[in-house]
file upload.txt (compact mmCIF, C-alpha atoms)
# COMPACT_ATOMS: atom_id res chain seq x y z
CA MET A 1 -33.79 17.06 36.48
CA SER A 2 -36.08 16.07 33.65
CA PRO A 3 -36.25 12.43 32.50
CA THR A 4 -34.65 13.41 29.19
CA THR A 5 -31.70 15.11 30.90
CA ASN A 6 -31.17 12.09 33.16
CA ALA A 7 -31.27 9.71 30.16
CA GLU A 8 -28.84 11.95 28.27
CA SER A 9 -26.38 12.00 31.19
CA LEU A 10 -26.64 8.20 31.47
CA ARG A 11 -25.89 7.86 27.74
CA ALA A 12 -22.95 10.25 28.06
CA ASP A 13 -21.63 8.31 31.06
CA SER A 14 -22.05 5.02 29.16
CA ALA A 15 -20.14 6.47 26.20
CA ARG A 16 -17.29 7.56 28.52
CA VAL A 17 -17.15 4.11 30.12
CA ARG A 18 -17.14 2.46 26.69
CA ALA A 19 -14.30 4.75 25.55
CA ARG A 20 -12.33 3.88 28.72
CA MET A 21 -12.77 0.17 28.08
CA LEU A 22 -11.69 0.51 24.44
CA ALA A 23 -8.63 2.55 25.51
CA ALA A 24 -7.73 -0.11 28.09
CA ALA A 25 -8.11 -2.88 25.49
CA ARG A 26 -6.00 -0.93 22.98
CA ASP A 27 -3.28 -0.42 25.59
CA ARG A 28 -3.27 -4.14 26.39
CA MET A 29 -2.97 -5.06 22.71
CA ALA A 30 -0.21 -2.49 22.16
CA ALA A 31 1.68 -4.03 25.08
CA GLY A 32 1.41 -7.46 23.46
CA GLY A 33 -1.67 -8.69 25.36
CA LEU A 34 -3.32 -10.23 22.32
CA ASP A 35 -5.37 -12.63 24.47
CA LEU A 36 -7.53 -9.62 25.43
CA SER A 37 -9.05 -11.08 28.58
CA MET A 38 -12.35 -9.39 29.46
CA ASN A 39 -11.36 -9.48 33.14
CA ALA A 40 -8.07 -7.71 32.41
CA VAL A 41 -9.84 -5.07 30.29
CA ALA A 42 -12.36 -4.49 33.09
CA LYS A 43 -9.62 -4.13 35.69
CA ALA A 44 -7.58 -1.74 33.51
CA ALA A 45 -10.67 0.36 32.76
CA GLY A 46 -11.75 0.44 36.41
CA VAL A 47 -15.10 -1.23 35.78
CA GLY A 48 -16.69 -4.55 36.61
CA VAL A 49 -16.43 -7.40 34.12
CA GLY A 50 -20.23 -7.33 33.75
CA THR A 51 -19.94 -3.80 32.38
CA VAL A 52 -17.47 -5.00 29.75
CA TYR A 53 -19.81 -7.82 28.72
CA ARG A 54 -22.79 -5.43 28.52
CA HIS A 55 -20.92 -3.34 25.96
CA PHE A 56 -19.05 -6.20 24.26
CA PRO A 57 -20.86 -9.55 24.63
CA THR A 58 -17.87 -11.48 23.23
CA ARG A 59 -14.15 -11.02 22.73
CA GLN A 60 -14.85 -10.85 18.99
CA ALA A 61 -17.28 -7.94 19.51
CA LEU A 62 -14.58 -6.12 21.47
CA LEU A 63 -12.00 -6.77 18.74
CA GLU A 64 -14.39 -5.54 16.05
CA SER A 65 -15.10 -2.37 18.01
CA LEU A 66 -11.37 -1.78 18.41
CA ALA A 67 -10.78 -2.33 14.69
CA ALA A 68 -13.76 -0.36 13.33
CA GLN A 69 -11.81 2.77 12.38
CA SER A 70 -8.98 0.80 10.77
CA LEU A 71 -11.49 -1.30 8.85
CA GLU A 72 -13.15 1.88 7.57
CA THR A 73 -9.74 3.11 6.42
CA LEU A 74 -9.05 -0.19 4.67
CA VAL A 75 -12.43 -0.06 2.91
CA ALA A 76 -11.72 3.50 1.69
CA THR A 77 -8.32 2.34 0.47
CA ALA A 78 -9.87 -0.62 -1.38
CA VAL A 79 -12.47 1.63 -3.03
CA ALA A 80 -9.72 4.03 -4.14
CA ALA A 81 -7.63 1.09 -5.42
CA ALA A 82 -10.59 -0.22 -7.43
CA ARG A 83 -10.92 3.21 -9.07
CA GLU A 84 -7.19 3.57 -9.82
CA PRO A 85 -6.75 3.77 -13.62
CA ASP A 86 -3.71 1.47 -13.49
CA VAL A 87 -4.98 -1.77 -11.96
CA GLY A 88 -1.47 -2.92 -10.98
CA THR A 89 -0.84 0.31 -9.13
CA GLY A 90 -4.21 -0.01 -7.39
CA LEU A 91 -3.54 -3.59 -6.31
CA ALA A 92 -0.06 -2.74 -5.01
CA ALA A 93 -1.41 0.30 -3.13
CA LEU A 94 -4.14 -1.78 -1.52
CA LEU A 95 -1.73 -4.50 -0.40
CA ARG A 96 0.82 -2.00 0.95
CA ALA A 97 -1.84 -0.04 2.84
CA GLY A 98 -3.53 -3.22 4.07
CA LEU A 99 -0.25 -4.50 5.49
CA ARG A 100 0.61 -1.14 7.08
CA ILE A 101 -2.83 -0.81 8.68
CA GLN A 102 -2.75 -4.36 10.06
CA LEU A 103 0.72 -3.85 11.50
CA SER A 104 -0.41 -0.70 13.27
CA ASP A 105 -3.67 -2.25 14.50
CA PRO A 106 -3.41 -5.86 15.68
CA ALA A 107 -7.18 -5.91 16.30
CA LEU A 108 -7.78 -5.40 12.58
CA ALA A 109 -5.48 -8.30 11.76
CA GLU A 110 -7.57 -10.55 14.02
CA VAL A 111 -10.86 -9.26 12.60
CA LEU A 112 -9.71 -9.88 9.02
CA ALA A 113 -8.55 -13.38 9.97
CA ALA A 114 -11.89 -14.25 11.62
CA VAL A 115 -14.32 -16.43 9.72
CA ASN A 116 -17.41 -14.48 10.77
CA ALA A 117 -18.07 -10.99 12.06
CA VAL A 118 -20.48 -10.46 14.96
CA CYS A 119 -21.17 -6.70 14.80
CA ALA A 120 -23.52 -5.27 12.18
CA GLU A 121 -21.06 -2.46 11.38
CA THR A 122 -18.27 -4.97 10.78
CA LEU A 123 -20.52 -7.07 8.56
CA ASP A 124 -21.40 -4.01 6.46
CA LEU A 125 -17.79 -2.87 6.20
CA SER A 126 -16.65 -6.40 5.34
CA ARG A 127 -19.19 -6.55 2.52
CA ASP A 128 -18.00 -3.16 1.23
CA LEU A 129 -14.39 -4.33 1.42
CA ALA A 130 -15.14 -7.57 -0.42
CA ALA A 131 -17.07 -5.69 -3.12
CA ALA A 132 -14.26 -3.18 -3.71
CA ILE A 133 -11.66 -5.96 -3.83
CA ALA A 134 -13.84 -8.02 -6.18
CA THR A 135 -14.15 -5.01 -8.50
CA LEU A 136 -10.39 -4.52 -8.45
CA LEU A 137 -9.71 -8.20 -9.07
CA ASP A 138 -12.27 -8.39 -11.90
CA ARG A 139 -10.51 -5.50 -13.63
CA ALA A 140 -7.12 -7.10 -12.99
CA ARG A 141 -8.30 -10.43 -14.44
CA THR A 142 -9.75 -8.71 -17.51
CA GLU A 143 -6.43 -6.94 -18.09
CA GLY A 144 -4.46 -10.15 -17.52
CA ALA A 145 -2.63 -8.64 -14.54
CA ILE A 146 -3.40 -11.45 -12.06
CA ARG A 147 -3.98 -15.17 -12.03
CA PRO A 148 -7.50 -15.99 -13.16
CA ASP A 149 -8.23 -18.11 -10.07
CA LEU A 150 -7.44 -15.43 -7.47
CA THR A 151 -10.46 -14.52 -5.30
CA ALA A 152 -11.10 -11.68 -2.87
CA ASP A 153 -11.00 -14.21 -0.03
CA ASP A 154 -7.62 -15.49 -1.28
CA LEU A 155 -6.31 -11.94 -1.18
CA ARG A 156 -7.64 -11.40 2.37
CA ARG A 157 -5.98 -14.60 3.58
CA LEU A 158 -2.70 -13.82 1.84
CA LEU A 159 -2.64 -10.35 3.36
CA CYS A 160 -3.33 -11.81 6.84
CA GLY A 161 -0.49 -14.26 6.34
CA LEU A 162 1.82 -11.53 5.12
CA GLN A 163 1.22 -9.39 8.21
CA HIS A 164 1.90 -12.43 10.38
CA ALA A 165 5.18 -13.11 8.56
CA VAL A 166 6.28 -9.50 9.07
CA ARG A 167 5.15 -9.45 12.71
CA ILE A 168 7.23 -12.52 13.65
CA GLY A 169 10.49 -10.77 13.02
CA ALA A 170 10.85 -9.21 9.60
CA THR A 171 12.31 -5.74 9.14
CA ASP A 172 10.72 -2.90 7.19
CA ASP A 173 12.86 -3.90 4.22
CA ASP A 174 11.59 -7.47 4.53
CA ALA A 175 8.00 -6.21 4.56
CA ASP A 176 8.53 -4.47 1.23
CA ARG A 177 10.32 -7.53 -0.16
CA TYR A 178 7.51 -9.83 0.99
CA LEU A 179 4.97 -7.56 -0.69
CA ASP A 180 6.97 -7.65 -3.91
CA ILE A 181 7.12 -11.44 -3.73
CA LEU A 182 3.36 -11.63 -3.16
CA LEU A 183 2.63 -9.27 -6.05
CA ALA A 184 4.87 -11.31 -8.36
CA GLY A 185 3.10 -14.50 -7.26
CA LEU A 186 -0.31 -13.02 -8.11
CA ARG A 187 0.63 -12.52 -11.74
CA PRO A 188 -0.48 -15.14 -14.26
call {"tool": "encode", "arguments": {"input": "upload.txt", "output": "C-alpha cells"}}
result
Amino acid sequence: MSPTTNAESLRADSARVRARMLAAARDRMAAGGLDLSMNAVAKAAGVGVGTVYRHFPTRQALLESLAAQSLETLVATAVAAAREPDVGTGLAALLRAGLRIQLSDPALAEVLAAVNAVCAETLDLSRDLAAAIATLLDRARTEGAIRPDLTADDLRRLLCGLQHAVRIGATDDDADRYLDILLAGLRP
C-alpha cells in the first residue's frame, strides 16, 4: 500500500467516525438529551471520549458541527428575505423559517443563542446571517415597516426566545400566533 493510499483510508475512516459521532449526538438531542455529554456521545458512537474531543474540542464545537447545515439554510433564507421586493413579506418569511428550522434542530437554537462561535465555518455563516438581516432591517427601517431601534442582534434574540416559548408547550397554532404577535411588536 502506498503512503497516499494509507493516508486516504485513514481520512475516510476518520470521516466515518466523525459521521457516527454526529449521528449519535443528533440522536441524543432528538431524544431530549440537550446536555450533550461528550462521554455519552462517545459511548453511543462506539468510540473513546478522546476521539470525540479530537474531532470536537468543546461541546460548543460539537453543537456548531451539528447545526452547520441548518445554519446554512437559515443564511440562505435570510439572503432571500433581504431580496424580497416586499420587505414585510421578507421579514415574516425569515421569522417563520427561522422558527421552523430552530424547532427542527435544537442544536441550531443553542448555536444562535450562544454569545460566541468557536468554529471558523460558524463564524463565517454568522457574519453572512447578520449581514443579510442587517440589509433586510435597513430596508424595513427606510420603508417605515419596523421600529427604528430594532437591530439584527435584537431579532436573533427575539427569535431564540420565540422558539423557547413554543418549545415549552405551545401548539402549532400558538407558534403562528406568537409570530404574529412578534411581527406586530416590531412595527413602529
call {"tool": "atom_distance", "arguments": {"input": "upload.txt", "atom1": "atom CA of Tyr178 of chain A", "atom2": "atom CA of Leu162 of chain A"}}
result
7.2 Å
call {"tool": "closest_residue", "arguments": {"input": "upload.txt", "among": "A:Asp86, A:Asp27, A:Glu110, A:Asp153", "to": "Leu129 of chain A", "atoms": "all atoms listed in the file"}}
result
A:Asp153
call {"tool": "closest_atom_pairs", "arguments": {"input": "upload.txt", "of": "segment 82-128 of chain A", "to": "segment 135-138 of chain A", "cutoff": "10 Å", "atoms": "all atoms listed in the file", "output": "JSON lines"}}
result
{"residue": "A:Ala82", "atom": "CA", "partner": "A:Leu136", "partner_atom": "CA", "distance": 4.4}
{"residue": "A:Arg83", "atom": "CA", "partner": "A:Leu136", "partner_atom": "CA", "distance": 7.8}
{"residue": "A:Glu84", "atom": "CA", "partner": "A:Leu136", "partner_atom": "CA", "distance": 8.8}
{"residue": "A:Val87", "atom": "CA", "partner": "A:Leu136", "partner_atom": "CA", "distance": 7.0}
{"residue": "A:Gly88", "atom": "CA", "partner": "A:Leu136", "partner_atom": "CA", "distance": 9.4}
{"residue": "A:Gly90", "atom": "CA", "partner": "A:Leu136", "partner_atom": "CA", "distance": 7.7}
{"residue": "A:Leu91", "atom": "CA", "partner": "A:Leu136", "partner_atom": "CA", "distance": 7.2}
{"residue": "A:Leu94", "atom": "CA", "partner": "A:Leu136", "partner_atom": "CA", "distance": 9.7}
call {"tool": "closest_residue", "arguments": {"input": "upload.txt", "among": "A:Ala114, A:Ala93, A:Ala184, A:Ala131", "to": "Arg157 of chain A", "atoms": "all atoms listed in the file"}}
result
A:Ala114
call {"tool": "residues_near_point", "arguments": {"input": "upload.txt", "point": "(-19.4, -4.4, 19.4)", "cutoff": "12 Å", "atoms": "all atoms listed in the file", "output": "ChimeraX atom specification"}}
result
/A:18,21-22,52-68,111,117-123
call {"tool": "atom_distance", "arguments": {"input": "upload.txt", "atom1": "atom CA of Ala23 of chain A", "atom2": "atom CA of Gln69 of chain A"}}
result
13.5 Å
call {"tool": "residues_around", "arguments": {"input": "upload.txt", "residues": "Pro188 of chain A", "least_positions_apart": "3", "cutoff": "10 Å", "atoms": "all atoms listed in the file", "output": "MDAnalysis selection string"}}
result
chainID A and resid 141 144:150 184:185
call {"tool": "write_last_selection", "arguments": {"input": "upload.txt", "atoms": "C-alpha atoms", "output": "PDB file, in the frame of the given file"}}
result
ATOM      1  CA  ARG A 141      -8.300 -10.430 -14.440  1.00  0.00           C
ATOM      2  CA  GLY A 144      -4.460 -10.150 -17.520  1.00  0.00           C
ATOM      3  CA  ALA A 145      -2.630  -8.640 -14.540  1.00  0.00           C
ATOM      4  CA  ILE A 146      -3.400 -11.450 -12.060  1.00  0.00           C
ATOM      5  CA  ARG A 147      -3.980 -15.170 -12.030  1.00  0.00           C
ATOM      6  CA  PRO A 148      -7.500 -15.990 -13.160  1.00  0.00           C
ATOM      7  CA  ASP A 149      -8.230 -18.110 -10.070  1.00  0.00           C
ATOM      8  CA  LEU A 150      -7.440 -15.430  -7.470  1.00  0.00           C
ATOM      9  CA  ALA A 184       4.870 -11.310  -8.360  1.00  0.00           C
ATOM     10  CA  GLY A 185       3.100 -14.500  -7.260  1.00  0.00           C
TER      11      GLY A 185
END
call {"tool": "atom_distance", "arguments": {"input": "upload.txt", "atom1": "atom CA of Cys160 of chain A", "atom2": "atom CA of Leu99 of chain A"}}
result
8.0 Å
call {"tool": "closest_residue", "arguments": {"input": "upload.txt", "among": "A:Gly169, A:Pro106, A:Gly98, A:Gly50", "to": "Gly32 of chain A", "atoms": "only C-alpha atoms"}}
result
A:Pro106
